[in-house]
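The file final_3.cif comes next; it holds mmCIF, C-alpha atoms and all ligand atoms.
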```cif
data_start
loop_
_atom_site.label_atom_id
_atom_site.label_comp_id
_atom_site.auth_asym_id
_atom_site.auth_seq_id
_atom_site.Cartn_x
_atom_site.Cartn_y
_atom_site.Cartn_z
CA MET A 1 25.41 -32.30 37.93
CA SER A 2 28.68 -31.40 36.26
CA VAL A 3 30.49 -33.67 33.87
CA SER A 4 34.24 -34.26 33.73
CA ASP A 5 36.61 -32.88 31.14
CA PHE A 6 37.43 -36.48 30.26
CA GLU A 7 33.77 -37.16 29.38
CA MET A 8 33.51 -33.96 27.34
CA VAL A 9 36.76 -34.61 25.45
CA GLU A 10 35.39 -38.06 24.56
CA ALA A 11 32.07 -36.54 23.45
CA TRP A 12 33.81 -33.91 21.30
CA GLY A 13 35.98 -36.72 19.90
CA GLN A 14 32.82 -38.59 18.81
CA VAL A 15 31.35 -35.43 17.23
CA LEU A 16 34.59 -34.67 15.36
CA SER A 17 34.93 -38.31 14.19
CA LEU A 18 31.33 -38.30 12.92
CA SER A 19 32.17 -34.99 11.20
CA GLY A 20 35.14 -36.66 9.50
CA ILE A 21 37.75 -34.28 10.90
CA ALA A 22 41.23 -35.53 9.95
CA ALA A 23 44.78 -34.52 10.79
CA GLY A 24 45.87 -31.28 9.14
CA GLN A 25 42.37 -29.87 8.75
CA THR A 26 41.58 -26.51 10.30
CA VAL A 27 39.04 -26.30 13.11
CA THR A 28 38.20 -22.76 14.21
CA ILE A 29 36.36 -22.35 17.48
CA LEU A 30 34.16 -19.26 17.50
CA THR A 31 33.69 -17.81 20.99
CA SER A 32 32.34 -14.75 22.75
CA SER A 33 31.57 -13.56 26.28
CA ASP A 34 28.99 -16.27 27.04
CA THR A 35 30.96 -19.27 25.75
CA HIS A 36 31.03 -22.09 28.30
CA PRO A 37 34.67 -22.57 29.45
CA GLN A 38 34.48 -26.37 29.76
CA THR A 39 32.90 -26.75 26.33
CA LEU A 40 35.71 -24.58 24.91
CA ARG A 41 38.68 -26.21 26.62
CA THR A 42 37.51 -29.76 25.86
CA ALA A 43 36.80 -28.86 22.21
CA ILE A 44 40.39 -27.60 21.87
CA VAL A 45 41.86 -30.80 23.36
CA ALA A 46 39.65 -33.09 21.26
CA ALA A 47 40.36 -31.22 18.02
CA ARG A 48 44.12 -31.22 18.65
CA ALA A 49 43.92 -34.95 19.46
CA LYS A 50 42.53 -35.42 15.93
CA GLY A 51 45.66 -33.70 14.59
CA ALA A 52 43.70 -30.66 13.44
CA ILE A 53 45.04 -27.12 13.31
CA VAL A 54 42.97 -25.51 16.05
CA ASN A 55 42.26 -21.78 16.13
CA ARG A 56 40.08 -19.75 18.43
CA LEU A 57 38.32 -16.63 17.21
CA ASP A 58 36.85 -14.57 20.01
CA LEU A 59 34.38 -11.88 18.99
CA LEU A 60 32.82 -9.09 21.01
CA PRO A 61 29.16 -9.64 21.89
CA VAL A 62 26.46 -7.62 20.10
CA ASN A 63 22.72 -6.96 20.59
CA GLY A 64 23.04 -7.10 24.40
CA GLY A 65 21.73 -3.56 24.84
CA THR A 66 18.85 -4.16 22.43
CA SER A 67 17.56 -7.66 23.06
CA LEU A 68 15.12 -8.09 25.96
CA SER A 69 16.47 -11.60 26.53
CA ARG A 70 20.01 -12.88 27.10
CA ASP A 71 19.15 -16.03 25.15
CA PRO A 72 21.36 -16.06 22.01
CA LEU A 73 18.44 -17.34 19.90
CA ALA A 74 16.07 -14.58 21.01
CA TYR A 75 17.54 -11.82 18.85
CA VAL A 76 18.87 -13.10 15.53
CA GLY A 77 20.15 -11.74 12.23
CA THR A 78 22.94 -9.36 13.21
CA THR A 79 25.93 -11.06 14.82
CA PRO A 80 29.50 -10.08 15.76
CA LEU A 81 30.39 -11.18 12.21
CA THR A 82 28.19 -8.54 10.60
CA GLY A 83 30.57 -6.27 8.68
CA ASN A 84 33.60 -8.10 10.13
CA LYS A 85 35.57 -9.02 7.00
CA ALA A 86 38.68 -10.30 8.80
CA ALA A 87 36.69 -12.70 11.00
CA LEU A 88 34.60 -13.89 8.06
CA ALA A 89 37.75 -14.59 6.04
CA MET A 90 39.14 -16.78 8.83
CA LEU A 91 35.92 -18.76 9.19
CA LYS A 92 35.55 -19.22 5.42
CA ALA A 93 39.10 -20.58 5.31
CA SER A 94 38.35 -23.17 8.01
CA ASP A 95 37.30 -26.79 7.37
CA LEU A 96 34.96 -26.74 10.40
CA VAL A 97 33.69 -23.91 12.58
CA LEU A 98 32.64 -24.86 16.10
CA ASP A 99 30.18 -22.06 16.94
CA LEU A 100 30.19 -21.68 20.71
CA MET A 101 28.67 -18.21 20.35
CA THR A 102 25.56 -18.51 18.06
CA LEU A 103 25.55 -17.33 14.47
CA LEU A 104 22.12 -18.84 13.69
CA PHE A 105 19.90 -16.96 11.21
CA SER A 106 22.66 -14.72 9.90
CA ALA A 107 23.72 -13.77 6.38
CA GLU A 108 27.31 -14.44 7.38
CA GLN A 109 26.47 -18.02 8.28
CA HIS A 110 25.08 -18.46 4.79
CA GLU A 111 28.21 -16.96 3.26
CA ILE A 112 30.46 -19.41 5.15
CA LEU A 113 28.31 -22.41 4.18
CA SER A 114 27.99 -21.31 0.54
CA ALA A 115 31.79 -21.17 0.41
CA GLY A 116 31.81 -24.87 1.35
CA GLY A 117 32.31 -24.33 5.07
CA ARG A 118 30.79 -26.36 7.88
CA ILE A 119 29.36 -24.90 11.08
CA LEU A 120 28.40 -26.82 14.22
CA LEU A 121 26.53 -24.82 16.88
CA ALA A 122 27.05 -26.01 20.47
CA VAL A 123 25.94 -23.65 23.23
CA GLU A 124 23.92 -25.89 25.59
CA PRO A 125 25.64 -26.69 28.93
CA PRO A 126 28.12 -29.61 28.86
CA GLU A 127 25.87 -32.09 30.68
CA ILE A 128 23.09 -31.57 28.11
CA LEU A 129 25.62 -31.91 25.28
CA LEU A 130 26.91 -35.14 26.82
CA ARG A 131 23.44 -36.62 27.38
CA MET A 132 22.61 -36.07 23.69
CA VAL A 133 25.97 -36.71 22.07
CA PRO A 134 25.10 -37.38 18.41
CA THR A 135 25.09 -40.86 16.91
CA GLU A 136 24.86 -42.34 13.45
CA GLU A 137 21.39 -43.62 14.41
CA ASP A 138 20.27 -40.03 15.05
CA ARG A 139 21.42 -39.19 11.52
CA ARG A 140 19.65 -42.21 10.00
CA ARG A 141 16.44 -41.37 11.85
CA VAL A 142 16.49 -37.71 10.78
CA LEU A 143 17.34 -38.51 7.15
CA ALA A 144 14.62 -41.18 6.96
CA ALA A 145 12.05 -38.68 8.23
CA SER A 146 13.46 -36.04 5.89
CA ARG A 147 12.78 -38.25 2.87
CA VAL A 148 9.11 -38.37 3.92
CA LEU A 149 8.97 -34.60 4.48
CA ARG A 150 10.71 -33.86 1.19
CA ALA A 151 8.02 -35.73 -0.73
CA ALA A 152 5.16 -33.93 1.02
CA ARG A 153 3.28 -30.94 -0.36
CA GLN A 154 1.09 -30.24 2.68
CA MET A 155 1.52 -30.49 6.45
CA ARG A 156 -1.64 -30.48 8.59
CA VAL A 157 -1.39 -30.36 12.35
CA THR A 158 -4.30 -31.02 14.71
CA SER A 159 -4.72 -31.51 18.46
CA ALA A 160 -7.45 -32.27 21.00
CA ALA A 161 -6.85 -28.77 22.40
CA GLY A 162 -8.19 -27.29 19.14
CA THR A 163 -5.21 -26.92 16.81
CA ASP A 164 -6.06 -27.27 13.13
CA VAL A 165 -3.55 -25.65 10.79
CA THR A 166 -2.18 -26.38 7.33
CA PHE A 167 1.10 -25.42 5.66
CA ALA A 168 1.92 -25.80 1.99
CA LEU A 169 5.41 -27.23 1.53
CA GLY A 170 8.02 -27.39 -1.19
CA GLU A 171 9.36 -23.85 -1.60
CA TYR A 172 12.12 -24.25 0.97
CA PRO A 173 14.86 -26.75 1.82
CA ILE A 174 14.70 -29.08 4.77
CA LEU A 175 16.67 -28.37 7.96
CA GLU A 176 18.08 -31.74 9.04
CA GLU A 177 19.55 -31.50 12.54
CA TYR A 178 21.41 -34.49 13.92
CA GLY A 179 24.37 -32.89 15.64
CA PHE A 180 27.39 -33.18 13.34
CA CYS A 181 28.69 -31.89 9.96
CA GLU A 182 29.99 -34.76 7.83
CA ARG A 183 30.04 -32.84 4.55
CA ALA A 184 30.85 -29.38 3.18
CA GLY A 185 28.12 -26.75 3.29
CA ARG A 186 26.35 -28.22 6.31
CA TRP A 187 25.18 -26.37 9.38
CA ASP A 188 24.08 -28.43 12.36
CA HIS A 189 23.37 -28.06 16.04
CA TRP A 190 24.59 -30.29 18.88
CA PRO A 191 22.30 -31.30 20.61
CA SER A 192 19.42 -31.90 18.23
CA GLY A 193 17.65 -34.77 16.51
CA PHE A 194 14.77 -33.10 14.67
CA LEU A 195 13.91 -31.71 11.28
CA ALA A 196 12.06 -28.72 9.92
CA THR A 197 11.22 -26.90 6.75
CA TRP A 198 9.67 -23.52 6.07
CA SER A 199 6.02 -23.15 5.19
CA ASN A 200 5.55 -21.83 1.63
CA GLU A 201 5.22 -18.06 1.87
CA GLY A 202 1.68 -16.96 2.65
CA SER A 203 0.36 -20.53 2.81
CA ALA A 204 -0.15 -21.16 6.56
CA GLN A 205 -3.85 -21.16 7.42
CA GLY A 206 -5.78 -22.07 10.55
CA THR A 207 -5.59 -22.08 14.33
CA ILE A 208 -2.89 -23.26 16.74
CA VAL A 209 -3.89 -23.75 20.37
CA LEU A 210 -1.09 -24.11 22.90
CA ASP A 211 -2.28 -26.37 25.70
CA ARG A 212 -1.04 -26.33 29.31
CA GLY A 213 2.58 -27.47 29.34
CA ASP A 214 3.40 -26.44 25.79
CA ILE A 215 6.52 -24.26 25.61
CA LEU A 216 7.47 -20.78 24.44
CA LEU A 217 11.13 -20.07 23.63
CA PRO A 218 13.01 -17.82 24.45
CA GLN A 219 10.46 -17.22 27.23
CA LYS A 220 11.47 -20.65 28.58
CA SER A 221 7.96 -21.03 29.95
CA TYR A 222 5.42 -23.83 30.07
CA VAL A 223 2.14 -22.08 29.30
CA ARG A 224 -0.29 -22.46 32.21
CA GLU A 225 -3.45 -21.85 30.19
CA PRO A 226 -4.30 -22.12 26.49
CA VAL A 227 -2.89 -19.61 24.00
CA THR A 228 -4.77 -19.43 20.69
CA PHE A 229 -2.98 -18.24 17.54
CA THR A 230 -5.06 -17.29 14.52
CA ILE A 231 -3.05 -17.76 11.33
CA ARG A 232 -4.03 -16.25 7.99
CA ASP A 233 -2.01 -16.29 4.76
CA GLY A 234 1.25 -17.13 6.49
CA TYR A 235 1.01 -14.67 9.41
CA VAL A 236 -0.22 -14.81 12.99
CA THR A 237 -3.09 -12.32 12.99
CA ASP A 238 -4.23 -12.78 16.61
CA ILE A 239 -2.86 -14.17 19.87
CA ALA A 240 -5.55 -14.77 22.50
CA GLY A 241 -5.45 -16.21 26.00
CA GLY A 242 -4.38 -15.22 29.48
CA LEU A 243 -1.13 -13.91 30.91
CA ASP A 244 1.13 -16.04 28.65
CA ALA A 245 -0.64 -14.60 25.60
CA ASP A 246 -0.41 -11.05 26.92
CA LEU A 247 3.30 -11.34 27.68
CA LEU A 248 4.06 -12.93 24.30
CA ARG A 249 2.08 -10.25 22.45
CA GLY A 250 3.91 -7.51 24.33
CA TYR A 251 7.29 -9.11 23.63
CA MET A 252 6.64 -9.44 19.89
CA GLU A 253 5.21 -5.90 19.68
CA SER A 254 8.41 -4.56 21.27
CA PHE A 255 10.27 -5.26 18.00
CA GLY A 256 8.05 -2.83 16.08
CA ASP A 257 8.28 -5.10 13.02
CA PRO A 258 5.21 -6.65 11.33
CA GLU A 259 7.41 -9.46 10.00
CA VAL A 260 7.76 -10.94 13.50
CA TYR A 261 4.28 -12.48 13.01
CA ALA A 262 5.31 -14.46 9.93
CA ILE A 263 5.35 -18.23 10.16
CA SER A 264 8.91 -19.56 10.09
CA HIS A 265 10.00 -23.22 10.25
CA VAL A 266 7.69 -26.15 11.01
CA GLY A 267 8.68 -29.71 11.87
CA TRP A 268 8.80 -32.41 14.50
CA GLY A 269 11.14 -33.92 17.10
CA LEU A 270 12.88 -37.30 16.83
CA GLN A 271 15.30 -37.26 19.78
CA LYS A 272 14.47 -39.95 22.35
CA ARG A 273 17.17 -38.70 24.73
CA ALA A 274 15.45 -35.31 24.99
CA HIS A 275 12.89 -34.74 27.73
CA TRP A 276 10.02 -32.27 28.13
CA SER A 277 10.61 -31.87 31.86
CA VAL A 278 14.19 -30.55 31.49
CA LEU A 279 13.13 -26.93 30.94
CA GLY A 280 11.60 -26.91 34.42
CA LEU A 281 14.82 -28.24 35.96
CA TYR A 282 17.13 -25.47 34.76
CA ASP A 283 17.48 -21.79 35.53
CA ARG A 284 16.08 -19.79 32.64
CA GLU A 285 19.48 -18.66 31.36
CA ALA A 286 21.24 -21.99 31.84
CA THR A 287 19.82 -23.58 28.69
CA ILE A 288 18.40 -22.50 25.33
CA GLY A 289 15.78 -25.26 25.56
CA MET A 290 17.01 -27.80 23.02
CA ASP A 291 15.37 -30.70 24.88
CA SER A 292 11.96 -29.24 24.06
CA ARG A 293 12.87 -28.49 20.42
CA ALA A 294 14.19 -32.01 19.80
CA CYS A 295 11.83 -34.07 22.00
CA ALA A 296 10.57 -37.12 20.09
CA GLY A 297 6.93 -36.64 19.06
CA ASN A 298 6.75 -32.88 19.48
CA PHE A 299 5.41 -30.48 16.85
CA LEU A 300 7.85 -27.55 16.62
CA TRP A 301 6.75 -24.40 14.82
CA SER A 302 8.17 -20.92 14.91
CA THR A 303 7.66 -17.31 13.91
CA GLY A 304 9.94 -14.73 12.30
CA PRO A 305 12.90 -15.09 9.94
CA ASN A 306 13.21 -17.28 6.85
CA ASN A 307 16.66 -16.11 5.74
CA GLU A 308 18.05 -19.37 7.19
CA ALA A 309 16.19 -21.11 4.38
CA GLY A 310 17.25 -18.66 1.67
CA GLY A 311 14.30 -16.28 2.14
CA THR A 312 14.61 -12.52 2.54
CA ARG A 313 12.89 -12.13 5.90
CA ASP A 314 15.56 -11.38 8.51
CA THR A 315 13.46 -10.05 11.37
CA ALA A 316 15.36 -10.23 14.66
CA CYS A 317 12.45 -11.77 16.63
CA HIS A 318 12.45 -15.57 16.51
CA ILE A 319 9.99 -17.49 18.68
CA ASP A 320 10.24 -21.29 18.79
CA ILE A 321 7.07 -23.06 19.99
CA PRO A 322 7.38 -26.79 20.73
CA MET A 323 4.04 -28.50 21.44
CA ARG A 324 3.01 -31.87 22.88
CA ASN A 325 0.06 -34.11 21.98
CA CYS A 326 -0.29 -32.98 18.37
CA THR A 327 -0.97 -35.05 15.28
CA VAL A 328 1.29 -34.10 12.37
CA MET A 329 0.13 -35.30 8.96
CA LEU A 330 1.99 -35.07 5.65
CA ASP A 331 -0.34 -35.31 2.66
CA GLY A 332 -2.80 -37.07 4.98
CA ASP A 333 -0.36 -39.59 6.48
CA ALA A 334 0.54 -39.12 10.16
CA VAL A 335 4.21 -38.99 11.17
CA VAL A 336 3.24 -38.02 14.74
CA ARG A 337 -0.08 -39.05 16.33
CA ASP A 338 -1.21 -37.47 19.63
CA GLY A 339 2.35 -36.57 20.47
CA GLU A 340 3.89 -39.97 19.68
CA LEU A 341 6.10 -40.80 16.71
CA VAL A 342 4.17 -43.03 14.31
CA ASN A 343 7.39 -44.78 13.52
CA ASP A 344 10.93 -44.31 14.77
CA GLY A 345 11.93 -42.55 11.59
CA LEU A 346 13.76 -45.72 10.56
CA GLY A 347 10.66 -47.31 9.10
CA ASN A 348 9.93 -49.34 12.21
CA ALA A 349 6.82 -48.84 14.33
CA ALA A 350 7.93 -46.60 17.19
O1 LIG A 401 18.65 -25.84 16.34
C1 LIG A 401 17.81 -24.95 16.18
C2 LIG A 401 17.56 -24.02 17.14
C3 LIG A 401 16.62 -23.06 16.95
C4 LIG A 401 15.92 -23.05 15.77
O2 LIG A 401 14.97 -22.13 15.56
C5 LIG A 401 16.16 -23.96 14.81
N1 LIG A 401 17.09 -24.94 15.01
#
```

For this file, produce the structure as structure tokens.
Ligand SMILES: O=c1ccc(O)c[nH]1
Amino acid sequence: MSVSDFEMVEAWGQVLSLSGIAAGQTVTILTSSDTHPQTLRTAIVAARAKGAIVNRLDLLPVNGGTSLSRDPLAYVGTTPLTGNKAALAMLKASDLVLDLMTLLFSAEQHEILSAGGRILLAVEPPEILLRMVPTEEDRRRVLAASRVLRAARQMRVTSAAGTDVTFALGEYPILEEYGFCERAGRWDHWPSGFLATWSNEGSAQGTIVLDRGDILLPQKSYVREPVTFTIRDGYVTDIAGGLDADLLRGYMESFGDPEVYAISHVGWGLQKRAHWSVLGLYDREATIGMDSRACAGNFLWSTGPNNEAGGTRDTACHIDIPMRNCTVMLDGDAVVRDGELVNDGLGNAA
């Protein structure tokens, strides 16, 4: 069901308050052809109500004739900002960029953040944004879990379906996603409530078995039969299974880039307001699947780029693979056991 402008203005107000937006600051709203009109108009009202200087920067869409999917996260790296000095200058001069278009995994995003900018991505439909409006508790939970991840040197993930994979950790920063940008240099995504880091280059080893009901993004599909990934020295070397495996292999091969098989970020979900069933309740193009990425107790891994983390791999093919019923261990201690959080990320038993 739809939500009212009043509800969305209130939700944006909470996000902007948590982000510390004050009167006189500049909020630039980045839009393109697929920006949701209600998200845009309520963001403008909420930002003006904070006394901010509110700009809108509308950019032409790119990649549409190349990407096989309309999902903005399916084809990453080049964005409407690539080579667009005037637009980049405006965003770098802003105190907060509300990205209603999707800059993720782009060199330009890095440039804006390195210049002290803040970027908040928000492209899910308004009712999903409202259901998972960020809270201070989300931030506390993600930061508590991040302290555990930061100290770890190895992640091992197992499952009854046959997953047994290890990642060495420590080379890359931690991606803490709780839905608002309270300090300079931060990127975040509303809705979220999960954390991730990148596996040390070449370190991922083992087997990942997707079980029935695990999810492939941007395919937006629950796999109907197991898909087995063989992982050697940081790359997927084989994808075996039935139709889901065949279709995924064909999709990845279509990029003609061996880097698409590299392991990207790995982490787990902490958001208790996210639900696994939501993907099956939406048309494929109506959501980018953040419920499955953020769902408390998932194991989320991915393939493709690492430029988001400061690496050099900027392959355009990014596959996010959230899984249920896994056990995620950090240096031998479980943070997720059989798909359930071991604690709520705040040090209490979940
Ligand atoms: O919020 C996000 C969304 C996609 C992704 O790969 C990482 N974080």

(Q) Could you tell me how far atom CA of A:His110 sits from atom CA of A:Val142, in Å to one decimal place? (A) 21.9 Å

Q.
Just want the residues within 10 Å of ligand LIG 401 (chain A), written as a ChimeraX atom specification, counting only C-alpha atoms and all ligand atoms.
A. /A:72-74,76,102,104-105,121-122,175-179,187-197,217-218,264-267,288-290,293-294,300-305,308,318-321

Q) Residues at most 12 Å from stretch 271-278 of chain A, counting all atoms listed in the file, excluding those fewer than 5 positions away in the same chain, as number ranges by chain? A) A: 127-135, 137-142, 177-179, 190-195, 213-215, 220-222, 283-284, 286-298, 322-325, 339-341, 344-345, 350

Could you save the residues just selected, with C-alpha atoms, as a PDB file, keeping the file's coordinate frame?
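Written output follows (again_1.pdb):
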```pdb
ATOM      1  CA  GLU A 127      25.870 -32.090  30.680  1.00  0.00           C
ATOM      2  CA  ILE A 128      23.090 -31.570  28.110  1.00  0.00           C
ATOM      3  CA  LEU A 129      25.620 -31.910  25.280  1.00  0.00           C
ATOM      4  CA  LEU A 130      26.910 -35.140  26.820  1.00  0.00           C
ATOM      5  CA  ARG A 131      23.440 -36.620  27.380  1.00  0.00           C
ATOM      6  CA  MET A 132      22.610 -36.070  23.690  1.00  0.00           C
ATOM      7  CA  VAL A 133      25.970 -36.710  22.070  1.00  0.00           C
ATOM      8  CA  PRO A 134      25.100 -37.380  18.410  1.00  0.00           C
ATOM      9  CA  THR A 135      25.090 -40.860  16.910  1.00  0.00           C
ATOM     10  CA  GLU A 137      21.390 -43.620  14.410  1.00  0.00           C
ATOM     11  CA  ASP A 138      20.270 -40.030  15.050  1.00  0.00           C
ATOM     12  CA  ARG A 139      21.420 -39.190  11.520  1.00  0.00           C
ATOM     13  CA  ARG A 140      19.650 -42.210  10.000  1.00  0.00           C
ATOM     14  CA  ARG A 141      16.440 -41.370  11.850  1.00  0.00           C
ATOM     15  CA  VAL A 142      16.490 -37.710  10.780  1.00  0.00           C
ATOM     16  CA  GLU A 177      19.550 -31.500  12.540  1.00  0.00           C
ATOM     17  CA  TYR A 178      21.410 -34.490  13.920  1.00  0.00           C
ATOM     18  CA  GLY A 179      24.370 -32.890  15.640  1.00  0.00           C
ATOM     19  CA  TRP A 190      24.590 -30.290  18.880  1.00  0.00           C
ATOM     20  CA  PRO A 191      22.300 -31.300  20.610  1.00  0.00           C
ATOM     21  CA  SER A 192      19.420 -31.900  18.230  1.00  0.00           C
ATOM     22  CA  GLY A 193      17.650 -34.770  16.510  1.00  0.00           C
ATOM     23  CA  PHE A 194      14.770 -33.100  14.670  1.00  0.00           C
ATOM     24  CA  LEU A 195      13.910 -31.710  11.280  1.00  0.00           C
ATOM     25  CA  GLY A 213       2.580 -27.470  29.340  1.00  0.00           C
ATOM     26  CA  ASP A 214       3.400 -26.440  25.790  1.00  0.00           C
ATOM     27  CA  ILE A 215       6.520 -24.260  25.610  1.00  0.00           C
ATOM     28  CA  LYS A 220      11.470 -20.650  28.580  1.00  0.00           C
ATOM     29  CA  SER A 221       7.960 -21.030  29.950  1.00  0.00           C
ATOM     30  CA  TYR A 222       5.420 -23.830  30.070  1.00  0.00           C
ATOM     31  CA  ASP A 283      17.480 -21.790  35.530  1.00  0.00           C
ATOM     32  CA  ARG A 284      16.080 -19.790  32.640  1.00  0.00           C
ATOM     33  CA  ALA A 286      21.240 -21.990  31.840  1.00  0.00           C
ATOM     34  CA  THR A 287      19.820 -23.580  28.690  1.00  0.00           C
ATOM     35  CA  ILE A 288      18.400 -22.500  25.330  1.00  0.00           C
ATOM     36  CA  GLY A 289      15.780 -25.260  25.560  1.00  0.00           C
ATOM     37  CA  MET A 290      17.010 -27.800  23.020  1.00  0.00           C
ATOM     38  CA  ASP A 291      15.370 -30.700  24.880  1.00  0.00           C
ATOM     39  CA  SER A 292      11.960 -29.240  24.060  1.00  0.00           C
ATOM     40  CA  ARG A 293      12.870 -28.490  20.420  1.00  0.00           C
ATOM     41  CA  ALA A 294      14.190 -32.010  19.800  1.00  0.00           C
ATOM     42  CA  CYS A 295      11.830 -34.070  22.000  1.00  0.00           C
ATOM     43  CA  ALA A 296      10.570 -37.120  20.090  1.00  0.00           C
ATOM     44  CA  GLY A 297       6.930 -36.640  19.060  1.00  0.00           C
ATOM     45  CA  ASN A 298       6.750 -32.880  19.480  1.00  0.00           C
ATOM     46  CA  PRO A 322       7.380 -26.790  20.730  1.00  0.00           C
ATOM     47  CA  MET A 323       4.040 -28.500  21.440  1.00  0.00           C
ATOM     48  CA  ARG A 324       3.010 -31.870  22.880  1.00  0.00           C
ATOM     49  CA  ASN A 325       0.060 -34.110  21.980  1.00  0.00           C
ATOM     50  CA  GLY A 339       2.350 -36.570  20.470  1.00  0.00           C
ATOM     51  CA  GLU A 340       3.890 -39.970  19.680  1.00  0.00           C
ATOM     52  CA  LEU A 341       6.100 -40.800  16.710  1.00  0.00           C
ATOM     53  CA  ASP A 344      10.930 -44.310  14.770  1.00  0.00           C
ATOM     54  CA  GLY A 345      11.930 -42.550  11.590  1.00  0.00           C
ATOM     55  CA  ALA A 350       7.930 -46.600  17.190  1.00  0.00           C
TER      56      ALA A 350
END
```

Q: Can you work out the spacing between atom CA of A:Lys85 and atom CA of A:Leu68 in Å, to one decimal?
A: 27.9 Å

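Closest approach to A:Asn306 from the set A:Gln205, A:Asn200, A:Ser69, A:Thr230 is made by A:Asn200, with distances taken over only C-alpha atoms.
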
(Q) Ranking A:Pro173, A:Gly250, A:Pro126, A:Gly162 by minimum distance to A:Ile208 and counting all atoms listed in the file, which one comes first? (A)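 Closest residue, counting all atoms listed in the file: A:Gly162.
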
(Q) Residues within 7 Å of (8.4, -12.6, 21.8), file coordinates, counting all atoms listed in the file: what are they? Give the list as a ChimeraX atom specification. (A) /A:248-249,251-252,317,319

Please write out, as lines of an AutoDock Vina configuration file, where the centre of an axis-aligned box around all listed atoms of stretch 53-63 of chain A lies and how long its edges are, in Å to one decimal, after adding 6 Å on each side.
```
center_x = 33.9
center_y = -17.0
center_z = 17.6
size_x = 34.3
size_y = 32.2
size_z = 20.6
```

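In terms of minimum interatomic distance to A:Ala49, A:Val9 ranks closest within A:Leu81, A:Val9, A:Leu169, A:Val148, counting all atoms listed in the file.
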
**Q.** Proximity to A:Phe180 - best of A:Met101, A:Val223, A:Leu16, A:Ala168, only C-alpha atoms
**A.** A:Leu16

Q: Compare A:Leu40, A:Val227, A:Leu247, A:Ala47 by their minimum atom-to-atom distance to A:Val123, counting all atoms listed in the file, and give me the closest one.
A: A:Leu40

Q.
For a quick check of understanding, using all atoms listed in the file, which of A:Asn63, A:Ser199, A:Asn307, A:Thr39 has the smallest distance to A:Ala11?
A.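 Looking only at the distances to A:Ala11, the closest residue turns out to be A:Thr39.
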
Q | Long-range neighbours of stretch 93-99 of chain A as a PyMOL selection string, 6 Å cut-off, all atoms listed in the file, 5 positions minimum in chain | A | chain A and resi 26-30+118-121

Q: Find the distance between atom CA of A:Met155 and atom CA of A:Tyr261 and write it in Å to one decimal.
A: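 Separating atom CA of A:Met155 from atom CA of A:Tyr261 is a distance of 19.4 Å.
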
(Q) Env of A:Gly83: 10 Å cut, atoms = all atoms listed in the file, seq-sep filter 5 positions within chain, self excluded. Answer as an MDAnalysis selection string. (A) chainID A and resid 78 88 108

Q: Find the residues near A:Ser33: any atom within 10 Å, counting all atoms listed in the file, skip ones fewer than 4 places away on the same chain, and give them as a ChimeraX atom specification.
A: /A:58-62,100-101

Q: Write out as a PyMOL selection string which residues come within 9 Å of A:Glu201 when counting all atoms listed in the file, dropping same-chain ones fewer than 5 positions away.
A: chain A and resi 168+171+233-234+262-263
